Amino acid sequence: IEADRLLAANLQAFLKTAGHQMEWHVDPQVAMDAIDKKKPDLLILDLLLAGRSGVEFLYELRSYPDWQKLPVIVFSSVSNRELGQSAPDALKQLDIAVYLYKPQTNLSQLAAAIKQALQPMPVR
């Protein structure tokens, strides 16, 4: 879910060359409907969304049993400092696989985060 159309198009092209399929959404509600229909393997989410925050979206997503374990990569231009001191606990509670700060993340780092997030969890 990404509001920036140019960035989303670039990410889509990059991920396609890396062998991934990507469906891009701007509207959080449309994205939620698509998640229910398409059953994705991973969600890449910006925290700055149209009409609501990405954190609100994550709280709603995690409220559904089917989506409590969906790997989520937060890829946002909102820094940890801007999120505040309670942010690490909130993001941990929301089971975020990786938090990537856009200005300091290149495409190879994003690809590595995707690969890591898609790895099966070890059985304990």
# chains A, B, ... in the order shown; residues from 1 in each chain; ligands from 1
call {"tool": "residues_around", "arguments": {"residues": "Gln12 in chain A", "least_positions_apart": "2", "cutoff": "12 Å", "atoms": "only C-alpha atoms", "output": "list in words"}}
result
Ile1, Glu2, Arg5, Leu6, Leu7, Ala8, Ala9, Asn10, Phe14, Leu15, Lys16, Thr17, Ala18, Gly19, His20, Gln21, Met22, Glu23, Trp24, His25, Ile44, Leu107 and Ala111 of chain A
call {"tool": "residues_around", "arguments": {"residues": "range 33-43 of chain A", "least_positions_apart": "6", "cutoff": "7 Å", "atoms": "only C-alpha atoms", "output": "list in words"}}
result
Leu70, Pro71, Val72 and Ile73 of chain A
call {"tool": "write_last_selection", "arguments": {"atoms": "N, CA, C and O atoms", "output": "PDB file, in the first residue's frame"}}
result
ATOM      1  N   LEU A  70       0.272 -12.697   8.675  1.00  0.00           N
ATOM      2  CA  LEU A  70       0.739 -12.215   7.365  1.00  0.00           C
ATOM      3  C   LEU A  70       1.995 -11.378   7.569  1.00  0.00           C
ATOM      4  O   LEU A  70       1.973 -10.405   8.329  1.00  0.00           O
ATOM      5  N   PRO A  71       3.105 -11.740   6.924  1.00  0.00           N
ATOM      6  CA  PRO A  71       4.310 -10.914   7.067  1.00  0.00           C
ATOM      7  C   PRO A  71       4.067  -9.501   6.526  1.00  0.00           C
ATOM      8  O   PRO A  71       3.516  -9.333   5.438  1.00  0.00           O
ATOM      9  N   VAL A  72       4.480  -8.510   7.315  1.00  0.00           N
ATOM     10  CA  VAL A  72       4.314  -7.109   6.936  1.00  0.00           C
ATOM     11  C   VAL A  72       5.663  -6.421   7.010  1.00  0.00           C
ATOM     12  O   VAL A  72       6.364  -6.503   8.018  1.00  0.00           O
ATOM     13  N   ILE A  73       6.012  -5.758   5.919  1.00  0.00           N
ATOM     14  CA  ILE A  73       7.176  -4.888   5.883  1.00  0.00           C
ATOM     15  C   ILE A  73       6.651  -3.460   5.851  1.00  0.00           C
ATOM     16  O   ILE A  73       5.886  -3.100   4.964  1.00  0.00           O
TER      17      ILE A  73
END
call {"tool": "select_by_dssp", "arguments": {"residues": "chain A", "states": "helix (DSSP H, G or I)", "output": "PyMOL selection string"}}
result
chain A and resi 5-17+28-38+54-62+65-67+80-83+87-93+102-104+107-118
call {"tool": "select_by_dssp", "arguments": {"residues": "range 41-80 of chain A", "states": "strand (DSSP E or B)", "output": "PyMOL selection string"}}
result
chain A and resi 43-45+48+53+72-76
call {"tool": "write_last_selection", "arguments": {"atoms": "all heavy atoms", "output": "PDB file, in the first residue's frame"}}
result
ATOM      1  N   LEU A  43       2.799  -8.240   2.822  1.00  0.00           N
ATOM      2  CA  LEU A  43       2.275  -6.884   2.651  1.00  0.00           C
ATOM      3  C   LEU A  43       3.411  -5.899   2.875  1.00  0.00           C
ATOM      4  O   LEU A  43       4.129  -5.998   3.874  1.00  0.00           O
ATOM      5  CB  LEU A  43       1.156  -6.616   3.666  1.00  0.00           C
ATOM      6  CG  LEU A  43       0.612  -5.190   3.729  1.00  0.00           C
ATOM      7  CD1 LEU A  43      -0.104  -4.827   2.436  1.00  0.00           C
ATOM      8  CD2 LEU A  43      -0.327  -5.034   4.916  1.00  0.00           C
ATOM      9  N   ILE A  44       3.587  -4.983   1.938  1.00  0.00           N
ATOM     10  CA  ILE A  44       4.525  -3.863   2.098  1.00  0.00           C
ATOM     11  C   ILE A  44       3.660  -2.623   2.271  1.00  0.00           C
ATOM     12  O   ILE A  44       2.823  -2.327   1.421  1.00  0.00           O
ATOM     13  CB  ILE A  44       5.469  -3.719   0.880  1.00  0.00           C
ATOM     14  CG1 ILE A  44       6.265  -5.002   0.680  1.00  0.00           C
ATOM     15  CG2 ILE A  44       6.396  -2.516   1.078  1.00  0.00           C
ATOM     16  CD1 ILE A  44       7.099  -5.019  -0.580  1.00  0.00           C
ATOM     17  N   LEU A  45       3.870  -1.920   3.369  1.00  0.00           N
ATOM     18  CA  LEU A  45       2.956  -0.871   3.781  1.00  0.00           C
ATOM     19  C   LEU A  45       3.690   0.409   4.137  1.00  0.00           C
ATOM     20  O   LEU A  45       4.654   0.394   4.898  1.00  0.00           O
ATOM     21  CB  LEU A  45       2.201  -1.371   5.033  1.00  0.00           C
ATOM     22  CG  LEU A  45       1.307  -0.406   5.776  1.00  0.00           C
ATOM     23  CD1 LEU A  45       0.064  -0.080   4.961  1.00  0.00           C
ATOM     24  CD2 LEU A  45       0.908  -1.002   7.118  1.00  0.00           C
ATOM     25  N   LEU A  48       2.015   6.371   5.844  1.00  0.00           N
ATOM     26  CA  LEU A  48       1.287   7.565   5.419  1.00  0.00           C
ATOM     27  C   LEU A  48       0.314   7.162   4.322  1.00  0.00           C
ATOM     28  O   LEU A  48       0.687   7.044   3.156  1.00  0.00           O
ATOM     29  CB  LEU A  48       2.258   8.637   4.923  1.00  0.00           C
ATOM     30  CG  LEU A  48       3.316   9.079   5.931  1.00  0.00           C
ATOM     31  CD1 LEU A  48       4.319  10.016   5.276  1.00  0.00           C
ATOM     32  CD2 LEU A  48       2.673   9.725   7.142  1.00  0.00           C
ATOM     33  N   SER A  53      -4.057   6.270   9.036  1.00  0.00           N
ATOM     34  CA  SER A  53      -2.639   5.947   9.205  1.00  0.00           C
ATOM     35  C   SER A  53      -2.395   4.469   8.950  1.00  0.00           C
ATOM     36  O   SER A  53      -3.303   3.634   9.080  1.00  0.00           O
ATOM     37  CB  SER A  53      -2.174   6.308  10.619  1.00  0.00           C
ATOM     38  OG  SER A  53      -2.573   5.319  11.541  1.00  0.00           O
ATOM     39  N   VAL A  72       4.480  -8.510   7.315  1.00  0.00           N
ATOM     40  CA  VAL A  72       4.314  -7.109   6.936  1.00  0.00           C
ATOM     41  C   VAL A  72       5.663  -6.421   7.010  1.00  0.00           C
ATOM     42  O   VAL A  72       6.364  -6.503   8.018  1.00  0.00           O
ATOM     43  CB  VAL A  72       3.310  -6.390   7.864  1.00  0.00           C
ATOM     44  CG1 VAL A  72       3.256  -4.895   7.548  1.00  0.00           C
ATOM     45  CG2 VAL A  72       1.935  -7.008   7.760  1.00  0.00           C
ATOM     46  N   ILE A  73       6.012  -5.758   5.919  1.00  0.00           N
ATOM     47  CA  ILE A  73       7.176  -4.888   5.883  1.00  0.00           C
ATOM     48  C   ILE A  73       6.651  -3.460   5.851  1.00  0.00           C
ATOM     49  O   ILE A  73       5.886  -3.100   4.964  1.00  0.00           O
ATOM     50  CB  ILE A  73       8.054  -5.154   4.640  1.00  0.00           C
ATOM     51  CG1 ILE A  73       8.668  -6.541   4.714  1.00  0.00           C
ATOM     52  CG2 ILE A  73       9.139  -4.070   4.506  1.00  0.00           C
ATOM     53  CD1 ILE A  73       9.440  -6.942   3.465  1.00  0.00           C
ATOM     54  N   VAL A  74       7.037  -2.682   6.840  1.00  0.00           N
ATOM     55  CA  VAL A  74       6.703  -1.264   6.820  1.00  0.00           C
ATOM     56  C   VAL A  74       7.839  -0.574   6.075  1.00  0.00           C
ATOM     57  O   VAL A  74       9.004  -0.695   6.443  1.00  0.00           O
ATOM     58  CB  VAL A  74       6.540  -0.692   8.243  1.00  0.00           C
ATOM     59  CG1 VAL A  74       6.401   0.827   8.184  1.00  0.00           C
ATOM     60  CG2 VAL A  74       5.338  -1.315   8.922  1.00  0.00           C
ATOM     61  N   PHE A  75       7.477   0.106   4.996  1.00  0.00           N
ATOM     62  CA  PHE A  75       8.427   0.822   4.142  1.00  0.00           C
ATOM     63  C   PHE A  75       7.929   2.254   4.077  1.00  0.00           C
ATOM     64  O   PHE A  75       7.006   2.562   3.323  1.00  0.00           O
ATOM     65  CB  PHE A  75       8.465   0.158   2.763  1.00  0.00           C
ATOM     66  CG  PHE A  75       9.483   0.717   1.823  1.00  0.00           C
ATOM     67  CD1 PHE A  75      10.814   0.834   2.179  1.00  0.00           C
ATOM     68  CD2 PHE A  75       9.114   1.097   0.546  1.00  0.00           C
ATOM     69  CE1 PHE A  75      11.753   1.332   1.299  1.00  0.00           C
ATOM     70  CE2 PHE A  75      10.047   1.599  -0.352  1.00  0.00           C
ATOM     71  CZ  PHE A  75      11.375   1.713   0.028  1.00  0.00           C
ATOM     72  N   SER A  76       8.489   3.112   4.920  1.00  0.00           N
ATOM     73  CA  SER A  76       7.893   4.424   5.113  1.00  0.00           C
ATOM     74  C   SER A  76       8.945   5.518   5.257  1.00  0.00           C
ATOM     75  O   SER A  76      10.081   5.254   5.650  1.00  0.00           O
ATOM     76  CB  SER A  76       7.014   4.388   6.375  1.00  0.00           C
ATOM     77  OG  SER A  76       6.330   5.602   6.548  1.00  0.00           O
TER      78      SER A  76
END
call {"tool": "residues_around", "arguments": {"residues": "range 92-100 of chain A", "least_positions_apart": "2", "cutoff": "9 Å", "atoms": "only C-alpha atoms", "output": "number ranges by chain"}}
result
A: 55, 58-59, 62, 68-77, 79, 87-90, 102-105, 109-110, 113-114, 116-117
call {"tool": "write_last_selection", "arguments": {"atoms": "C-alpha atoms", "output": "PDB file, in the first residue's frame"}}
result
ATOM      1  CA  VAL A  55      -0.803   1.902  12.114  1.00  0.00           C
ATOM      2  CA  LEU A  58      -2.367  -2.654  10.800  1.00  0.00           C
ATOM      3  CA  TYR A  59      -4.554  -2.764  13.908  1.00  0.00           C
ATOM      4  CA  ARG A  62      -4.338  -7.922  12.748  1.00  0.00           C
ATOM      5  CA  GLN A  68      -2.573 -12.180  12.194  1.00  0.00           C
ATOM      6  CA  LYS A  69       0.507 -13.929  10.782  1.00  0.00           C
ATOM      7  CA  LEU A  70       0.739 -12.215   7.365  1.00  0.00           C
ATOM      8  CA  PRO A  71       4.310 -10.914   7.067  1.00  0.00           C
ATOM      9  CA  VAL A  72       4.314  -7.109   6.936  1.00  0.00           C
ATOM     10  CA  ILE A  73       7.176  -4.888   5.883  1.00  0.00           C
ATOM     11  CA  VAL A  74       6.703  -1.264   6.820  1.00  0.00           C
ATOM     12  CA  PHE A  75       8.427   0.822   4.142  1.00  0.00           C
ATOM     13  CA  SER A  76       7.893   4.424   5.113  1.00  0.00           C
ATOM     14  CA  SER A  77       9.415   7.867   5.183  1.00  0.00           C
ATOM     15  CA  SER A  79      11.318   7.857  10.976  1.00  0.00           C
ATOM     16  CA  ALA A  87       6.468   2.962  18.475  1.00  0.00           C
ATOM     17  CA  PRO A  88       8.822  -0.033  18.870  1.00  0.00           C
ATOM     18  CA  ASP A  89       6.390  -1.673  21.298  1.00  0.00           C
ATOM     19  CA  ALA A  90       3.390  -0.921  19.068  1.00  0.00           C
ATOM     20  CA  LYS A 102      12.685   4.929   2.822  1.00  0.00           C
ATOM     21  CA  PRO A 103      15.385   7.608   2.698  1.00  0.00           C
ATOM     22  CA  GLN A 104      17.965   5.098   3.970  1.00  0.00           C
ATOM     23  CA  THR A 105      16.819   1.989   2.084  1.00  0.00           C
ATOM     24  CA  GLN A 109      17.893  -3.911   0.985  1.00  0.00           C
ATOM     25  CA  LEU A 110      14.166  -4.069   0.291  1.00  0.00           C
ATOM     26  CA  ALA A 113      13.879  -7.836   3.614  1.00  0.00           C
ATOM     27  CA  ILE A 114      11.267  -9.441   1.354  1.00  0.00           C
ATOM     28  CA  GLN A 116      13.718 -12.704   4.900  1.00  0.00           C
ATOM     29  CA  ALA A 117      10.018 -12.027   5.553  1.00  0.00           C
TER      30      ALA A 117
END
